[in-house]
$ cat structure_36.cif   # mmCIF, C-alpha atoms
data_start
#
loop_
_atom_site.label_atom_id
_atom_site.label_comp_id
_atom_site.auth_asym_id
_atom_site.auth_seq_id
_atom_site.Cartn_x
_atom_site.Cartn_y
_atom_site.Cartn_z
CA MET A 3 -12.40 -80.45 -43.58
CA ASN A 4 -11.24 -78.60 -40.49
CA PRO A 5 -14.19 -77.61 -38.23
CA ASN A 6 -12.65 -74.12 -37.91
CA SER A 7 -12.70 -73.62 -41.67
CA PRO A 8 -15.52 -71.58 -43.21
CA PRO A 9 -17.64 -73.18 -45.94
CA HIS A 10 -15.86 -71.32 -48.76
CA GLU A 11 -13.47 -72.36 -51.49
CA GLU A 12 -10.89 -69.83 -50.29
CA PRO A 13 -8.79 -70.79 -47.28
CA GLY A 14 -9.90 -69.38 -43.97
CA PHE A 15 -11.16 -70.11 -40.50
CA THR A 16 -13.86 -69.22 -38.00
CA ILE A 17 -13.55 -68.65 -34.26
CA VAL A 18 -16.69 -68.47 -32.11
CA ARG A 19 -16.35 -66.97 -28.65
CA ASP A 20 -18.86 -65.95 -25.97
CA PHE A 21 -18.09 -62.85 -23.89
CA ALA A 22 -19.69 -61.78 -20.60
CA ALA A 23 -20.45 -58.29 -21.88
CA PRO A 24 -23.29 -56.54 -23.71
CA ARG A 25 -23.11 -56.55 -27.51
CA GLU A 26 -22.58 -52.78 -27.62
CA ARG A 27 -19.46 -53.17 -25.45
CA ILE A 28 -17.99 -55.80 -27.78
CA TRP A 29 -18.83 -53.55 -30.76
CA GLN A 30 -16.93 -50.74 -29.03
CA ALA A 31 -13.97 -53.09 -28.52
CA TRP A 32 -13.78 -53.48 -32.31
CA THR A 33 -14.35 -49.83 -33.24
CA ASP A 34 -13.04 -47.48 -30.51
CA PRO A 35 -9.28 -46.80 -30.80
CA ASP A 36 -8.88 -46.41 -27.02
CA VAL A 37 -10.40 -49.84 -26.40
CA MET A 38 -8.71 -51.47 -29.41
CA ALA A 39 -5.29 -50.50 -28.03
CA ARG A 40 -6.05 -52.55 -24.90
CA TRP A 41 -6.51 -55.84 -26.76
CA PHE A 42 -5.66 -55.69 -30.48
CA HIS A 43 -2.62 -57.95 -30.01
CA PRO A 44 -1.78 -61.47 -28.89
CA GLU A 45 -0.54 -62.13 -25.37
CA GLY A 46 3.04 -60.95 -24.91
CA LEU A 47 2.68 -57.99 -27.29
CA GLN A 48 1.35 -54.47 -26.81
CA THR A 49 -0.47 -52.05 -29.07
CA PRO A 50 0.50 -48.47 -28.18
CA ARG A 51 -2.56 -46.20 -28.20
CA GLU A 52 -0.78 -43.65 -30.39
CA SER A 53 -0.43 -46.31 -33.10
CA VAL A 54 -4.19 -46.89 -33.41
CA SER A 55 -6.25 -44.91 -35.92
CA VAL A 56 -9.83 -45.57 -37.03
CA ASP A 57 -11.92 -44.00 -39.80
CA LEU A 58 -15.11 -45.97 -39.12
CA ARG A 59 -17.03 -45.71 -42.39
CA VAL A 60 -17.39 -47.99 -45.37
CA GLY A 61 -14.21 -47.38 -47.38
CA GLY A 62 -12.49 -45.89 -44.33
CA THR A 63 -9.29 -47.37 -42.98
CA TYR A 64 -7.80 -48.39 -39.66
CA ALA A 65 -4.22 -48.99 -38.61
CA TYR A 66 -2.36 -50.16 -35.53
CA THR A 67 1.09 -51.45 -34.64
CA MET A 68 1.73 -54.40 -32.36
CA ARG A 69 5.04 -54.31 -30.51
CA ILE A 70 7.16 -56.80 -28.59
CA GLU A 71 8.29 -54.62 -25.68
CA GLU A 72 11.47 -56.60 -24.90
CA THR A 73 12.88 -56.37 -28.43
CA GLY A 74 11.09 -53.37 -29.89
CA GLN A 75 10.07 -55.46 -32.91
CA GLU A 76 6.96 -53.97 -34.51
CA PHE A 77 4.16 -55.40 -36.64
CA PRO A 78 2.28 -52.65 -38.51
CA THR A 79 -1.23 -53.73 -39.45
CA ALA A 80 -3.97 -52.00 -41.43
CA GLY A 81 -7.17 -52.55 -43.33
CA ARG A 82 -10.22 -51.09 -44.98
CA TYR A 83 -13.79 -51.24 -43.65
CA LEU A 84 -16.10 -53.03 -46.07
CA ARG A 85 -19.37 -53.29 -44.12
CA ILE A 86 -20.49 -51.57 -40.93
CA ASP A 87 -23.79 -52.62 -39.34
CA PRO A 88 -23.65 -51.47 -35.68
CA PRO A 89 -23.69 -53.35 -33.35
CA VAL A 90 -24.25 -56.52 -35.38
CA ARG A 91 -21.60 -56.92 -38.07
CA LEU A 92 -18.25 -55.46 -39.07
CA ASP A 93 -16.36 -56.55 -42.21
CA PHE A 94 -12.87 -55.34 -43.06
CA THR A 95 -9.62 -56.31 -44.72
CA TRP A 96 -6.69 -57.22 -42.47
CA GLY A 97 -3.13 -56.89 -43.69
CA VAL A 98 -0.07 -54.71 -43.84
CA PRO A 99 -0.07 -51.03 -44.79
CA GLY A 100 0.28 -50.59 -48.54
CA SER A 101 -1.65 -53.72 -49.52
CA ILE A 102 -4.91 -53.44 -47.60
CA ASP A 103 -7.17 -53.92 -50.60
CA GLU A 104 -5.58 -57.29 -51.47
CA ALA A 105 -5.51 -58.41 -47.82
CA PRO A 106 -7.50 -61.23 -46.21
CA ARG A 107 -11.07 -60.35 -45.24
CA VAL A 108 -12.53 -60.50 -41.74
CA SER A 109 -16.16 -60.63 -40.72
CA VAL A 110 -17.16 -60.11 -37.09
CA GLU A 111 -20.76 -60.95 -36.23
CA LEU A 112 -22.13 -60.16 -32.78
CA GLU A 113 -25.18 -61.97 -31.43
CA GLU A 114 -26.78 -60.88 -28.18
CA ILE A 115 -27.44 -64.13 -26.30
CA ALA A 116 -28.43 -62.36 -23.04
CA ALA A 117 -28.45 -58.76 -21.82
CA ASP A 118 -24.86 -59.11 -20.62
CA ARG A 119 -23.63 -61.88 -22.91
CA THR A 120 -22.50 -61.74 -26.54
CA ARG A 121 -21.54 -64.46 -28.99
CA MET A 122 -18.88 -63.30 -31.43
CA THR A 123 -18.35 -65.16 -34.69
CA PHE A 124 -15.03 -64.15 -36.23
CA THR A 125 -14.39 -65.37 -39.78
CA LEU A 126 -11.18 -64.74 -41.68
CA ILE A 127 -11.05 -65.54 -45.40
CA GLY A 128 -7.80 -65.53 -47.35
CA LEU A 129 -5.45 -67.30 -44.94
CA PRO A 130 -5.47 -71.00 -44.06
CA ASP A 131 -6.23 -72.37 -40.60
CA ASP A 132 -2.61 -72.44 -39.44
CA SER A 133 -3.23 -73.31 -35.80
CA GLY A 134 -0.09 -74.56 -34.08
CA GLU A 135 2.35 -73.15 -36.65
CA ASP A 136 4.89 -70.40 -35.99
CA ALA A 137 3.36 -66.93 -36.42
CA SER A 138 -0.11 -68.49 -36.72
CA ALA A 139 -2.88 -66.01 -37.55
CA TYR A 140 -5.42 -68.38 -35.98
CA ASP A 141 -3.45 -68.67 -32.74
CA GLY A 142 -2.74 -64.93 -32.73
CA TRP A 143 -6.41 -64.02 -32.94
CA THR A 144 -7.32 -66.67 -30.37
CA SER A 145 -4.72 -65.17 -28.02
CA ALA A 146 -6.00 -61.64 -28.71
CA PHE A 147 -9.51 -62.75 -27.75
CA ARG A 148 -8.10 -63.96 -24.41
CA VAL A 149 -6.57 -60.48 -23.97
CA LEU A 150 -10.00 -58.96 -24.73
CA GLU A 151 -11.66 -61.25 -22.17
CA GLU A 152 -9.07 -60.23 -19.56
CA ALA A 153 -9.69 -56.55 -20.33
CA LEU A 154 -13.44 -57.06 -19.93
CA VAL A 155 -12.95 -58.86 -16.61
CA SER A 156 -10.67 -56.05 -15.34
CA GLU A 157 -13.25 -53.51 -16.42
CA ARG A 158 -16.06 -55.36 -14.57
CA GLU A 159 -13.92 -55.67 -11.44
CA ALA A 160 -13.08 -51.96 -11.52
CA SER A 161 -16.77 -51.11 -11.89
CA ALA A 162 -17.68 -53.40 -9.00
CA THR A 163 -15.00 -51.82 -6.78
CA GLU A 164 -16.23 -48.32 -7.62
CA GLY A 165 -19.73 -49.42 -6.68
CA ASP A 166 -18.48 -50.50 -3.24
CA ILE A 167 -17.09 -47.07 -2.41
#
$ encode --input "structure_36.cif" --output "structure tokens"
Amino acid sequence: MNPNSPPHEEPGFTIVRDFAAPRERIWQAWTDPDVMARWFHPEGLQTPRESVSVDLRVGGTYAYTMRIEETGQEFPTAGRYLRIDPPVRLDFTWGVPGSIDEAPRVSVELEEIAADRTRMTFTLIGLPDDSGEDASAYDGWTSAFRVLEEALVSEREASATEGDI
């Protein structure tokens, strides 16, 4: 069994990542459209802010479009919120518009491990651990989490610079 695979019969995987940010900030990264646009894509893609919509309630939906700037190729993505427990857990489907209720399911659990440190456990059920393959969901999310980390670092540096003025 792959160590990234969740203990379920359905295919899936889990990614655990620690971030140097308070839990509320990581929660906001998953639920605020302005912040989501900064990182809801793998490296090399962009998510235009105007493409991000969020109806943050159980049964509500979200949508965003990732874009390769050089080619203009777009990847519309959408889902439905299944469980919202701020700032601890967020469950939702993750797929393409038009089939969000049959899409793979994601669970994001946020554990405060220090005042300014959060452990995120991301579990996706319904797709296999396809790490290393072309168009890998596992690699795409792993890359997106690097983009999130870079955004958090930039944010901290900007705050530190403002404090020096």
$ atom_distance --input "structure_36.cif" --atom1 "CA of Pro89 in chain A" --atom2 "CA of Glu104 in chain A"
25.9 Å
$ closest_residue --input "structure_36.cif" --among "A:Asp87, A:Glu12, A:Arg19, A:Pro44" --to "Asp141 in chain A" --atoms "all atoms listed in the file"
A:Pro44
$ resolve_selection --input "structure_36.cif" --expression "the PyMOL selection byres ((chain A and resi 47-50) around 6)" --output "VMD selection string"
chain A and resid 39 43 to 46 51 to 53 67 to 70
$ resolve_selection --input "structure_36.cif" --expression "the PyMOL selection byres ((chain A and resi 107-111) around 8)" --output "PyMOL selection string"
chain A and resi 90-96+105-106+112-113+122-128
$ residues_around --input "structure_36.cif" --residues "Ala139 in chain A" --least-positions-apart "6" --cutoff "10 Å" --atoms "all atoms listed in the file" --output "number ranges by chain"
A: 15, 44, 126, 129-133, 145
$ atom_distance --input "structure_36.cif" --atom1 "CA of Arg158 in chain A" --atom2 "CA of Asp34 in chain A"
18.0 Å
$ residues_around --input "structure_36.cif" --residues "Gly62 in chain A" --least-positions-apart "2" --cutoff "6 Å" --atoms "all atoms listed in the file" --output "ChimeraX atom specification"
/A:57-60,82-83
$ residues_around --input "structure_36.cif" --residues "Asp118 in chain A" --least-positions-apart "3" --cutoff "9 Å" --atoms "only C-alpha atoms" --output "PyMOL selection string"
chain A and resi 21-25+114-115
$ resolve_selection --input "structure_36.cif" --expression "the PyMOL selection byres ((chain A and resi 65) around 7)" --output "VMD selection string"
chain A and resid 54 to 56 63 to 64 66 79 to 81
